[in-house]
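Visitor: Contents of protein.txt (compact mmCIF, C-alpha atoms and all ligand atoms) are below:
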```
# COMPACT_ATOMS: atom_id res chain seq x y z
CA MET A 1 71.76 102.77 118.25
CA GLU A 2 73.95 102.98 121.28
CA PHE A 3 75.22 100.33 123.67
CA ILE A 4 77.32 99.88 126.80
CA VAL A 5 80.91 98.97 126.07
CA LYS A 6 81.95 98.60 129.70
CA ASN A 7 80.81 100.19 132.98
CA ASN A 8 80.26 103.88 132.17
CA ILE A 9 81.56 103.73 128.60
CA GLN A 10 78.89 103.92 125.93
CA TRP A 11 79.25 103.55 122.16
CA VAL A 12 77.48 106.47 120.47
CA GLY A 13 78.82 106.19 116.91
CA LYS A 14 77.34 105.32 113.55
CA ILE A 15 77.31 102.03 111.67
CA ASP A 16 77.53 102.72 107.94
CA TRP A 17 76.09 99.61 106.32
CA GLU A 18 75.95 101.19 102.86
CA LEU A 19 79.55 102.36 102.55
CA ARG A 20 81.33 100.73 99.61
CA LYS A 21 84.09 103.29 98.98
CA PHE A 22 86.13 105.22 101.51
CA HIS A 23 88.67 108.06 101.21
CA GLY A 24 86.73 109.23 98.18
CA ASP A 25 87.07 106.30 95.81
CA GLU A 26 90.39 105.08 97.19
CA TYR A 27 89.48 102.20 99.49
CA SER A 28 86.82 99.56 98.86
CA THR A 29 84.63 98.70 101.83
CA HIS A 30 82.82 95.50 100.83
CA ARG A 31 81.43 95.05 104.32
CA GLY A 32 80.58 98.67 105.14
CA SER A 33 82.18 100.36 108.15
CA SER A 34 81.46 102.16 111.37
CA TYR A 35 82.57 105.46 112.87
CA ASN A 36 82.99 104.72 116.55
CA SER A 37 82.43 107.45 119.08
CA TYR A 38 82.48 106.80 122.82
CA LEU A 39 80.88 108.62 125.73
CA ILE A 40 82.47 108.13 129.15
CA GLN A 41 80.30 109.35 132.03
CA GLU A 42 82.23 109.44 135.29
CA GLU A 43 82.24 112.42 137.67
CA LYS A 44 83.30 114.23 134.55
CA THR A 45 82.05 113.33 131.10
CA ALA A 46 84.26 112.87 128.05
CA LEU A 47 83.30 112.26 124.44
CA ILE A 48 85.90 110.44 122.36
CA ASP A 49 85.83 111.24 118.62
CA THR A 50 82.73 111.85 116.52
CA VAL A 51 81.56 110.57 113.12
CA TRP A 52 81.76 111.46 109.43
CA GLY A 53 80.05 114.66 108.25
CA PRO A 54 77.12 113.13 106.33
CA PHE A 55 75.92 111.63 109.62
CA ALA A 56 76.53 114.75 111.75
CA LYS A 57 72.90 115.73 112.33
CA GLU A 58 71.82 112.15 113.04
CA TYR A 59 74.78 111.72 115.39
CA VAL A 60 74.10 114.86 117.40
CA GLU A 61 70.37 114.09 117.61
CA ASN A 62 71.11 110.60 118.91
CA LEU A 63 73.70 111.94 121.35
CA GLN A 64 71.12 114.38 122.73
CA LYS A 65 68.89 111.41 123.56
CA VAL A 66 71.73 109.92 125.60
CA ILE A 67 72.99 113.02 127.39
CA ASP A 68 72.32 116.72 127.77
CA LEU A 69 75.15 118.01 125.54
CA LYS A 70 75.98 120.72 128.08
CA LYS A 71 77.06 117.96 130.47
CA ILE A 72 79.93 116.96 128.18
CA ASP A 73 83.01 118.35 129.92
CA PHE A 74 85.66 117.30 127.43
CA ILE A 75 85.85 116.30 123.79
CA ILE A 76 88.81 114.13 122.89
CA ALA A 77 89.83 114.23 119.23
CA CYS A 78 92.26 111.33 118.82
CA HIS A 79 92.50 111.96 115.09
CA SER A 80 91.39 114.89 112.92
CA GLU A 81 90.56 113.05 109.71
CA ASN A 82 87.08 113.83 108.39
CA ASP A 83 85.57 110.45 109.25
CA HIS A 84 86.10 111.16 112.97
CA SER A 85 85.86 114.92 113.11
CA GLY A 86 83.11 115.51 110.55
CA ALA A 87 80.38 115.97 113.15
CA LEU A 88 82.38 118.45 115.24
CA PRO A 89 80.99 121.58 113.50
CA GLU A 90 77.42 120.41 114.17
CA LEU A 91 78.21 119.41 117.75
CA MET A 92 80.11 122.62 118.52
CA LYS A 93 77.12 124.71 117.47
CA HIS A 94 75.48 123.38 120.65
CA ILE A 95 78.50 123.53 122.97
CA PRO A 96 80.91 126.04 121.40
CA ASP A 97 83.13 126.49 124.47
CA THR A 98 83.66 122.85 125.36
CA PRO A 99 87.40 122.08 125.30
CA ILE A 100 88.71 119.81 122.56
CA TYR A 101 91.75 117.79 123.67
CA CYS A 102 94.07 116.88 120.81
CA THR A 103 97.70 116.97 119.75
CA LYS A 104 99.34 120.11 118.42
CA ASN A 105 99.05 118.72 114.90
CA GLY A 106 95.45 117.79 115.62
CA ALA A 107 94.54 121.41 116.39
CA ARG A 108 96.38 122.57 113.28
CA ILE A 109 94.52 120.10 111.07
CA LEU A 110 91.10 120.75 112.64
CA LYS A 111 91.61 124.47 112.08
CA GLY A 112 92.62 123.73 108.49
CA LEU A 113 89.57 121.58 107.87
CA TYR A 114 86.86 123.58 109.63
CA HIS A 115 88.29 127.12 110.04
CA GLN A 116 86.93 127.47 113.57
CA ASP A 117 88.61 128.88 116.63
CA TRP A 118 87.44 126.21 119.04
CA ASN A 119 88.81 125.80 122.56
CA PHE A 120 91.73 123.51 121.71
CA GLN A 121 93.67 121.99 124.59
CA ILE A 122 96.98 120.61 123.34
CA VAL A 123 98.17 117.36 124.90
CA LYS A 124 101.36 115.33 124.69
CA THR A 125 102.32 111.78 125.57
CA GLY A 126 101.86 111.16 129.29
CA ASP A 127 99.47 114.05 129.89
CA LYS A 128 96.48 113.07 132.01
CA LEU A 129 92.94 114.32 132.30
CA SER A 130 90.98 113.43 135.42
CA LEU A 131 87.41 112.25 135.08
CA GLY A 132 87.13 111.89 138.88
CA ASN A 133 88.10 108.42 140.02
CA LYS A 134 89.53 107.54 136.63
CA ASP A 135 92.03 109.28 134.37
CA LEU A 136 92.51 109.56 130.67
CA THR A 137 96.14 109.34 129.57
CA PHE A 138 97.17 110.53 126.13
CA ILE A 139 99.78 108.82 123.96
CA GLU A 140 100.85 110.54 120.76
CA ALA A 141 101.12 108.21 117.76
CA PRO A 142 102.38 110.42 114.95
CA MET A 143 102.03 108.95 111.44
CA LEU A 144 99.84 106.11 112.64
CA HIS A 145 98.54 107.09 110.26
CA TRP A 146 98.43 110.93 110.24
CA PRO A 147 100.79 113.37 112.00
CA ASP A 148 98.10 114.15 114.57
CA SER A 149 97.09 110.61 115.58
CA MET A 150 97.00 109.74 119.26
CA PHE A 151 95.75 107.00 121.57
CA THR A 152 93.81 107.63 124.77
CA TYR A 153 93.90 105.23 127.73
CA LEU A 154 91.24 105.05 130.44
CA SER A 155 92.63 103.89 133.78
CA SER A 156 90.77 101.46 136.04
CA ASP A 157 88.65 100.19 133.14
CA ALA A 158 91.92 99.51 131.30
CA VAL A 159 90.53 100.52 127.94
CA LEU A 160 92.71 101.80 125.09
CA PHE A 161 90.98 104.07 122.58
CA SER A 162 93.25 103.49 119.63
CA ASN A 163 91.37 105.34 116.88
CA ASP A 164 92.29 103.94 113.42
CA ALA A 165 94.97 101.57 114.73
CA PHE A 166 93.72 97.98 115.12
CA GLY A 167 90.50 98.91 113.28
CA GLN A 168 88.81 97.57 110.18
CA HIS A 169 86.11 98.66 107.80
CA TYR A 170 83.51 96.17 108.95
CA ALA A 171 79.88 96.90 109.77
CA SER A 172 78.39 94.54 112.32
CA GLU A 173 75.36 94.73 114.54
CA VAL A 174 77.23 93.09 117.44
CA MET A 175 80.41 95.19 117.46
CA PHE A 176 82.56 92.87 119.61
CA ASN A 177 85.39 90.74 118.24
CA ASP A 178 84.21 87.52 119.86
CA ARG A 179 80.75 87.82 118.30
CA VAL A 180 81.65 88.14 114.61
CA ASP A 181 82.87 85.80 111.89
CA GLN A 182 86.61 85.50 112.55
CA ALA A 183 87.61 84.96 108.91
CA GLU A 184 85.72 88.08 107.83
CA LEU A 185 87.14 90.08 110.70
CA PHE A 186 90.78 89.20 110.06
CA GLN A 187 90.38 89.62 106.30
CA GLU A 188 89.23 93.20 106.93
CA CYS A 189 92.02 93.75 109.49
CA ILE A 190 94.81 92.64 107.15
CA LYS A 191 93.31 94.61 104.24
CA TYR A 192 93.25 97.71 106.45
CA TYR A 193 96.84 97.18 107.53
CA ALA A 194 98.09 96.41 104.01
CA ASN A 195 96.41 99.39 102.36
CA ILE A 196 96.85 102.03 105.05
CA LEU A 197 99.59 101.16 107.51
CA THR A 198 102.24 99.37 105.44
CA PRO A 199 104.38 102.50 104.84
CA PHE A 200 104.50 103.16 108.58
CA SER A 201 105.45 99.65 109.70
CA SER A 202 108.66 100.65 111.47
CA LEU A 203 106.69 103.25 113.44
CA VAL A 204 104.04 100.63 114.26
CA ILE A 205 106.62 98.38 115.87
CA LYS A 206 108.21 101.29 117.77
CA LYS A 207 104.88 102.60 119.05
CA ILE A 208 103.59 99.20 120.14
CA LYS A 209 106.83 98.54 122.01
CA GLU A 210 106.58 101.96 123.66
CA VAL A 211 102.98 101.34 124.77
CA LEU A 212 103.76 97.81 125.98
CA GLY A 213 106.66 99.34 127.93
CA PHE A 214 104.17 101.31 130.03
CA ASN A 215 102.95 97.95 131.42
CA LEU A 216 99.37 99.16 131.45
CA PRO A 217 96.69 96.56 132.08
CA LEU A 218 94.61 96.12 128.93
CA ASP A 219 91.06 94.88 129.05
CA MET A 220 89.74 96.26 125.78
CA ILE A 221 90.82 98.10 122.66
CA CYS A 222 88.15 100.46 121.36
CA THR A 223 88.98 101.36 117.78
CA SER A 224 87.37 104.03 115.65
CA HIS A 225 86.25 101.62 112.90
CA GLY A 226 84.67 98.22 113.18
CA ILE A 227 84.53 95.96 116.19
CA ILE A 228 85.76 96.45 119.75
CA TRP A 229 88.48 94.04 120.88
CA ARG A 230 87.27 92.67 124.23
CA ASP A 231 88.25 89.00 123.90
CA ASN A 232 92.03 88.74 124.15
CA PRO A 233 92.72 92.22 122.79
CA ALA A 234 96.44 91.41 122.71
CA GLN A 235 95.78 89.20 119.68
CA ILE A 236 95.45 92.14 117.33
CA ILE A 237 98.59 93.75 118.79
CA GLU A 238 100.46 90.51 118.10
CA LYS A 239 99.10 90.47 114.55
CA TYR A 240 100.27 94.06 114.01
CA LEU A 241 103.77 93.16 115.20
CA GLU A 242 103.77 90.24 112.75
CA TRP A 243 102.43 92.31 109.85
CA ALA A 244 104.79 95.21 110.53
CA ASP A 245 107.82 92.92 110.35
CA ASN A 246 108.06 92.61 106.52
CA TYR A 247 105.20 90.13 106.56
CA GLN A 248 104.97 87.50 103.86
CA GLU A 249 103.35 84.14 103.26
CA ASN A 250 104.39 81.42 100.86
CA GLN A 251 102.53 83.15 98.04
CA ILE A 252 103.22 84.59 94.60
CA THR A 253 100.69 87.01 93.17
CA ILE A 254 100.43 87.60 89.43
CA LEU A 255 98.89 90.95 88.51
CA TYR A 256 98.25 91.84 84.90
CA ASP A 257 96.11 93.51 82.31
CA THR A 258 95.66 92.26 78.78
CA MET A 259 94.29 93.61 75.48
CA TRP A 260 93.63 90.52 73.34
CA ASP A 261 94.23 87.79 75.92
CA SER A 262 97.87 87.09 75.04
CA THR A 263 99.17 88.52 78.33
CA ARG A 264 96.41 86.65 80.20
CA ILE A 265 97.50 83.38 78.56
CA MET A 266 101.08 84.19 79.56
CA ALA A 267 99.95 84.80 83.17
CA GLU A 268 98.19 81.46 83.33
CA GLU A 269 101.06 79.55 81.74
CA ILE A 270 103.57 81.18 84.10
CA ALA A 271 101.32 80.23 87.04
CA ALA A 272 101.21 76.64 85.76
CA GLY A 273 105.01 76.62 85.51
CA ILE A 274 105.35 77.87 89.08
CA LYS A 275 103.01 75.15 90.34
CA GLU A 276 104.83 72.45 88.34
CA ARG A 277 108.03 73.34 90.14
CA ASP A 278 106.59 74.10 93.59
CA ASP A 279 103.15 72.80 94.45
CA GLN A 280 103.32 74.21 97.99
CA VAL A 281 103.37 77.85 96.97
CA THR A 282 100.04 79.67 96.69
CA VAL A 283 99.63 81.41 93.33
CA LYS A 284 96.90 84.01 92.81
CA LEU A 285 96.07 85.81 89.59
CA PHE A 286 94.37 89.18 89.24
CA ASN A 287 93.36 90.97 86.08
CA LEU A 288 93.80 94.51 87.39
CA ALA A 289 91.17 95.91 85.03
CA LYS A 290 88.58 93.65 86.67
CA ALA A 291 89.83 93.09 90.24
CA ASP A 292 89.34 95.33 93.23
CA LYS A 293 92.64 97.17 93.66
CA ASN A 294 92.59 97.13 97.47
CA ASP A 295 92.03 93.37 97.48
CA ALA A 296 94.91 93.03 95.01
CA ILE A 297 97.14 95.14 97.27
CA THR A 298 96.22 92.93 100.22
CA GLU A 299 97.47 89.93 98.23
CA VAL A 300 100.68 91.78 97.33
CA PHE A 301 101.13 92.40 101.07
CA LYS A 302 100.83 88.65 101.73
CA SER A 303 103.22 87.66 98.93
CA LYS A 304 106.91 86.87 98.97
CA ALA A 305 107.04 87.76 95.27
CA ILE A 306 104.90 89.31 92.57
CA LEU A 307 104.80 89.19 88.79
CA MET A 308 103.40 92.14 86.84
CA GLY A 309 102.10 91.67 83.33
CA SER A 310 101.08 94.16 80.69
CA SER A 311 100.71 94.36 76.95
CA THR A 312 102.69 97.19 75.37
CA ILE A 313 100.54 100.09 74.23
CA ASN A 314 101.81 103.36 72.75
CA ASN A 315 105.34 102.44 73.89
CA GLY A 316 104.03 102.13 77.45
CA ILE A 317 101.99 100.00 79.84
CA LEU A 318 98.27 99.56 80.35
CA VAL A 319 96.66 102.09 82.65
CA HIS A 320 95.39 99.69 85.34
CA VAL A 321 98.87 98.25 85.70
CA ALA A 322 100.32 101.77 85.88
CA ALA A 323 97.82 102.69 88.60
CA LEU A 324 98.70 99.72 90.76
CA LEU A 325 102.42 100.34 90.31
CA GLU A 326 101.85 103.90 91.52
CA GLU A 327 100.01 102.66 94.61
CA ILE A 328 102.54 100.05 95.57
CA LYS A 329 105.33 102.58 95.21
CA GLY A 330 103.70 104.67 97.93
CA LEU A 331 103.14 101.68 100.17
CA LYS A 332 106.91 101.03 100.41
CA PHE A 333 106.80 97.24 100.55
CA LYS A 334 110.05 95.68 101.69
CA LYS A 335 111.83 92.36 101.12
CA LYS A 336 109.62 91.27 98.24
CA LYS A 337 110.87 89.96 94.91
CA ALA A 338 109.39 90.77 91.52
CA GLY A 339 109.41 89.96 87.84
CA ALA A 340 107.44 91.12 84.79
CA PHE A 341 106.02 89.77 81.57
CA GLY A 342 103.88 90.82 78.63
CA SER A 343 103.02 90.33 75.01
CA TYR A 344 103.76 92.89 72.32
CA GLY A 345 103.44 93.47 68.60
CA TRP A 346 106.34 95.70 67.56
CA SER A 347 108.10 97.97 70.09
CA GLY A 348 107.55 95.94 73.33
CA GLU A 349 108.65 98.36 76.08
CA ALA A 350 106.16 97.25 78.76
CA VAL A 351 108.33 94.69 80.55
CA LYS A 352 111.29 97.06 80.87
CA ILE A 353 109.03 99.85 82.17
CA MET A 354 107.39 97.62 84.79
CA LEU A 355 110.73 96.29 85.99
CA GLU A 356 112.13 99.82 86.34
CA ARG A 357 109.11 100.94 88.33
CA LEU A 358 109.18 97.87 90.56
CA ASP A 359 112.88 98.41 91.15
CA ASN A 360 112.23 102.05 92.09
CA SER A 361 109.50 100.89 94.48
CA GLY A 362 111.89 98.74 96.50
CA PHE A 363 111.20 95.33 94.96
CA ASP A 364 114.11 92.99 94.36
CA ILE A 365 114.12 92.30 90.61
CA ILE A 366 115.32 88.77 90.03
CA ASP A 367 115.45 88.48 86.24
CA GLN A 368 114.96 90.34 82.95
CA GLY A 369 111.31 89.36 82.62
CA LEU A 370 109.64 87.64 79.68
CA ARG A 371 108.31 89.13 76.44
CA ILE A 372 106.30 87.20 73.84
CA ILE A 373 105.50 88.65 70.43
CA TRP A 374 101.85 88.52 69.26
CA ALA A 375 99.77 85.60 70.53
CA PRO A 376 101.58 82.82 72.36
CA ASP A 377 101.98 79.64 70.29
CA GLU A 378 102.83 76.27 71.83
CA GLU A 379 106.52 77.12 71.92
CA SER A 380 105.82 80.45 73.62
CA LYS A 381 103.57 78.78 76.16
CA LEU A 382 106.40 76.40 77.02
CA ALA A 383 108.66 79.45 77.40
CA CYS A 384 106.13 80.92 79.86
CA ARG A 385 106.07 77.70 81.86
CA ALA A 386 109.85 77.63 81.89
CA TYR A 387 109.89 81.24 83.06
CA GLY A 388 107.49 80.37 85.91
CA LYS A 389 109.76 77.51 86.97
CA THR A 390 112.91 79.62 86.85
CA PHE A 391 111.19 82.45 88.70
CA VAL A 392 110.10 80.30 91.63
CA GLU A 393 113.52 78.64 91.76
CA GLY A 394 115.10 82.08 92.07
CA LEU A 395 113.15 83.07 95.18
FE1 LIG A 401 89.49 106.66 110.20
FE2 LIG A 401 92.44 108.17 109.47
O1 LIG A 401 90.61 108.06 109.72
```
With the file now loaded, output its structure as structure tokens.

Guide:
Amino acid sequence: MEFIVKNNIQWVGKIDWELRKFHGDEYSTHRGSSYNSYLIQEEKTALIDTVWGPFAKEYVENLQKVIDLKKIDFIIACHSENDHSGALPELMKHIPDTPIYCTKNGARILKGLYHQDWNFQIVKTGDKLSLGNKDLTFIEAPMLHWPDSMFTYLSSDAVLFSNDAFGQHYASEVMFNDRVDQAELFQECIKYYANILTPFSSLVIKKIKEVLGFNLPLDMICTSHGIIWRDNPAQIIEKYLEWADNYQENQITILYDTMWDSTRIMAEEIAAGIKERDDQVTVKLFNLAKADKNDAITEVFKSKAILMGSSTINNGILVHVAALLEEIKGLKFKKKKAGAFGSYGWSGEAVKIMLERLDNSGFDIIDQGLRIIWAPDEESKLACRAYGKTFVEGL
């Protein structure tokens, strides 16, 4: 499949309807994804990014139906990660001397991944490449989300090729933002931001301000995953500025794992206590052994506070809780409050461990947490409700 994006810009990527896990097993993709590659045929022809390796042969075969590969003058590699560069080895077998424009880090990473001495042309912010009547301008975007990332802007058509930024893992046969279900689209956008871009939020704000400072007209944003923003593309930039600014909604998320249901009962009683005291706040519960971790992280991103729950096992915490704590440490959430709870039989270290880890991950710990021995009785359930009330009062 290929289609016209605008004037002489053609989409020549791959829609991956089957994808359910990305980055190995690290990111769930409930709605599939796409690897967007764009062919711009002006006086000169440029190819922007490729697709993931498993689709390399299919990609090159399709591209050959669109253009004689020898007519491609320039390859632009906005980002070296495998999902965009994976088809380069197959493509370069056909056109080994074609220059690849990328950042200095991009060349370093591509060499590290593919061990090829391709014709790399290093570009920096502000460098231009003429396609004839139109120019490509490069804008480095280091750590959004890899050191090599860059944007490419096509003059006259006013199209920004943003690579991963502003993208989503979302397969759609229509590929334009105004043609898809808006709730699905924005759910995938916020999940993408929460799980991938959160640690780089200060850089996101800086980079967006820098790009806006160029006062470039903007008609479309062509991302490397998911739909193309052609209807009011500024809307996703505004969302990014909002999300990057320590985003939170009026929500508390309770994340737990449980061995014999006691910690689950605690979670539900605490939730009931929160709601008794504040019926405006949204409360969501996730058993981390059963929930999708990336969906759970998205809810953490939306929360003003979280509560972590775990039974004590072998003087420690349950493994699914430990895994999520490890992830949220790396995501560097800011300005969120936290508490912890759990049932225990004899030693009961889980609450202390969770609070220490949350504290080390930048959460503001607002109390000592709540421990209940064995199964909660009516008195313990009241204690859980009271804890929920006190917790929400303390926010
Ligand atoms: Fe879509 Fe960072 O690769």

Visitor: Quick one, how far is atom CA of A:Gly394 from atom CA of A:Ala305?

Guide: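 These atoms are spaced 10.4 Å apart.
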
Visitor: Give me, as a tab-separated table, the closest atom pair and its distance (Å, one decimal) for every residue of chain A within a cut-off of 10 Å of ligand LIG 401 (chain A), counting only C-alpha atoms and all ligand atoms, rows sorted by chain and rising number.

Guide:
```
residue	atom	partner	partner_atom	distance
A:Phe22	CA	A:LIG401	FE1	9.4
A:His23	CA	A:LIG401	O1	8.7
A:Ser33	CA	A:LIG401	FE1	9.9
A:Ser34	CA	A:LIG401	FE1	9.3
A:Tyr35	CA	A:LIG401	FE1	7.5
A:Asn36	CA	A:LIG401	FE1	9.3
A:Val51	CA	A:LIG401	FE1	9.3
A:Trp52	CA	A:LIG401	FE1	9.1
A:Cys78	CA	A:LIG401	O1	9.8
A:His79	CA	A:LIG401	FE2	6.8
A:Ser80	CA	A:LIG401	O1	7.6
A:Glu81	CA	A:LIG401	O1	5.0
A:Asn82	CA	A:LIG401	O1	6.9
A:Asp83	CA	A:LIG401	FE1	5.5
A:His84	CA	A:LIG401	FE1	6.3
A:Ser85	CA	A:LIG401	O1	9.0
A:Met143	CA	A:LIG401	FE2	9.8
A:Leu144	CA	A:LIG401	FE2	8.3
A:His145	CA	A:LIG401	FE2	6.2
A:Trp146	CA	A:LIG401	FE2	6.6
A:Asp148	CA	A:LIG401	FE2	9.7
A:Ser149	CA	A:LIG401	FE2	8.1
A:Asn163	CA	A:LIG401	FE1	7.1
A:Asp164	CA	A:LIG401	FE1	5.1
A:Ala165	CA	A:LIG401	FE1	8.7
A:Gly167	CA	A:LIG401	FE1	8.4
A:Gln168	CA	A:LIG401	FE1	9.1
A:His169	CA	A:LIG401	FE1	9.0
A:Ile196	CA	A:LIG401	FE2	8.8
A:Thr223	CA	A:LIG401	FE1	9.3
A:Ser224	CA	A:LIG401	FE1	6.4
A:His225	CA	A:LIG401	FE1	6.6
```

Visitor: Excluding same-chain residues fewer than 6 positions from A:Lys381, what lies within 12 Å of it counting all atoms listed in the file, as a list in words?

Guide: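 What passes the distance filter is Ser262, Thr263, Arg264, Ile265, Met266, Ala267, Glu268, Glu269, Ile270, Ala271, Ala272, Gly273, Ser343, Leu370, Arg371, Ile372, Ile373, Ala375, Tyr387 and Gly388 of chain A.
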
Visitor: In Å, rounded to a single decimal, give me how far atom CA of A:Arg385 is from atom CA of A:Gly316.

Guide: 24.9 Å

Visitor: Find the spatial neighbours of stretch 180-190 of chain A, counting only C-alpha atoms, within a cut-off of 7 Å - ignore same-chain residues fewer than 2 positions away - and output them as a PDB file with C-alpha atoms, in the coordinates of the input.

Guide:
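Output contents, as saved in around.pdb:
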```pdb
ATOM      1  CA  GLY A 167      90.500  98.910 113.280  1.00  0.00           C
ATOM      2  CA  GLN A 168      88.810  97.570 110.180  1.00  0.00           C
ATOM      3  CA  HIS A 169      86.110  98.660 107.800  1.00  0.00           C
ATOM      4  CA  TYR A 170      83.510  96.170 108.950  1.00  0.00           C
ATOM      5  CA  PHE A 176      82.560  92.870 119.610  1.00  0.00           C
ATOM      6  CA  ASN A 177      85.390  90.740 118.240  1.00  0.00           C
ATOM      7  CA  ASP A 178      84.210  87.520 119.860  1.00  0.00           C
ATOM      8  CA  TYR A 192      93.250  97.710 106.450  1.00  0.00           C
ATOM      9  CA  TYR A 193      96.840  97.180 107.530  1.00  0.00           C
ATOM     10  CA  ALA A 194      98.090  96.410 104.010  1.00  0.00           C
TER      11      ALA A 194
END
```

Visitor: Box for stretch 355-369 of chain A: with edges along x, y and z, all listed atoms inside and 4 Å added on each side, what are the centre and edge lengths in Å to one decimal, as AutoDock Vina command-line options?

Guide:
```
--center_x 112.3 --center_y 95.3 --center_z 89.6 --size_x 14.3 --size_y 21.6 --size_z 21.9
```

Visitor: Write out as a CSV table (one decimal) with C-alpha atoms, in the frame of the given file the residues lying within 9 Å of A:Gln248, counting only C-alpha atoms and excluding same-chain residues fewer than 3 positions away.

Guide:
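Heads up, here's the output in part.csv:
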```csv
chain,number,residue,atom,x,y,z
A,243,TRP,CA,102.4,92.3,109.8
A,245,ASP,CA,107.8,92.9,110.4
A,251,GLN,CA,102.5,83.2,98.0
A,300,VAL,CA,100.7,91.8,97.3
A,301,PHE,CA,101.1,92.4,101.1
A,302,LYS,CA,100.8,88.6,101.7
A,303,SER,CA,103.2,87.7,98.9
A,304,LYS,CA,106.9,86.9,99.0
A,305,ALA,CA,107.0,87.8,95.3
A,335,LYS,CA,111.8,92.4,101.1
A,336,LYS,CA,109.6,91.3,98.2
```

Visitor: Work out how far atom CA of A:Lys337 is from atom CA of A:Asn246, in Å to one decimal.

Guide: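 Those two atoms sit 12.2 Å apart.
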
Visitor: Which residue is closest to A:Met92? Choose from A:Lys275, A:Lys57, A:Lys389, A:Lys206 and count only C-alpha atoms.

Guide: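 Ranking A:Lys275, A:Lys57, A:Lys389, A:Lys206 by distance to A:Met92, first place goes to A:Lys57.
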
Visitor: Can you pull out every residue within 12 Å of A:Ala322, counting only C-alpha atoms, but drop anything in the same chain fewer than 5 positions away, and send it as a list of chain:residue names?

Guide: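 That gives A:Leu255, A:Tyr256, A:Asp257, A:Leu288, A:Ala289, A:Lys293, A:Met308, A:Gly309, A:Ser310, A:Ser311, A:Thr312, A:Ile313, A:Gly316, A:Ile317, A:Glu327, A:Ile328, A:Lys329, A:Ala350, A:Val351, A:Ile353, A:Met354, A:Leu355, A:Glu356, A:Arg357, A:Leu358.
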
Visitor: So which residues touch stretch 120-131 of chain A within 12 Å, counting all atoms listed in the file, skipping near sequence neighbours fewer than 6 positions away, as a ChimeraX atom specification?

Guide: /A:8,39-47,72-78,96-111,137-142,148-156,207,210-211,214

Visitor: Would you kindly identify which residues have an atom no farther than 12 Å from (74.8, 113.2, 123.0), using only C-alpha atoms and the file's own coordinates, and write them out as JSON, numbers by chain?

Guide: {"A": [1, 2, 10, 11, 12, 13, 37, 38, 39, 40, 41, 45, 46, 47, 48, 50, 56, 57, 58, 59, 60, 61, 62, 63, 64, 65, 66, 67, 68, 69, 70, 71, 72, 73, 75, 87, 90, 91, 92, 94, 95]}

Visitor: From the set A:Leu331, A:Ile365, A:Val159, A:Ile306, which residue has the shortest atom-to-atom contact distance to A:Asp219, counting all atoms listed in the file?

Guide: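 Of the candidates, the smallest distance to A:Asp219 is held by A:Val159.
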
Visitor: Select, from A:Glu326, A:Asp279, A:Asp49, A:Asp261, the residue with the minimum atom-to-atom distance to A:Cys222, counting only C-alpha atoms.

Guide: A:Asp49

Visitor: Choose the residue, out of A:Gly112, A:Pro233, A:Pro217, A:Pro147, that has the smallest atom-to-atom separation from A:Phe166; count all atoms listed in the file.

Guide: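 Answer, going by the shortest atom-to-atom distance: A:Pro233.
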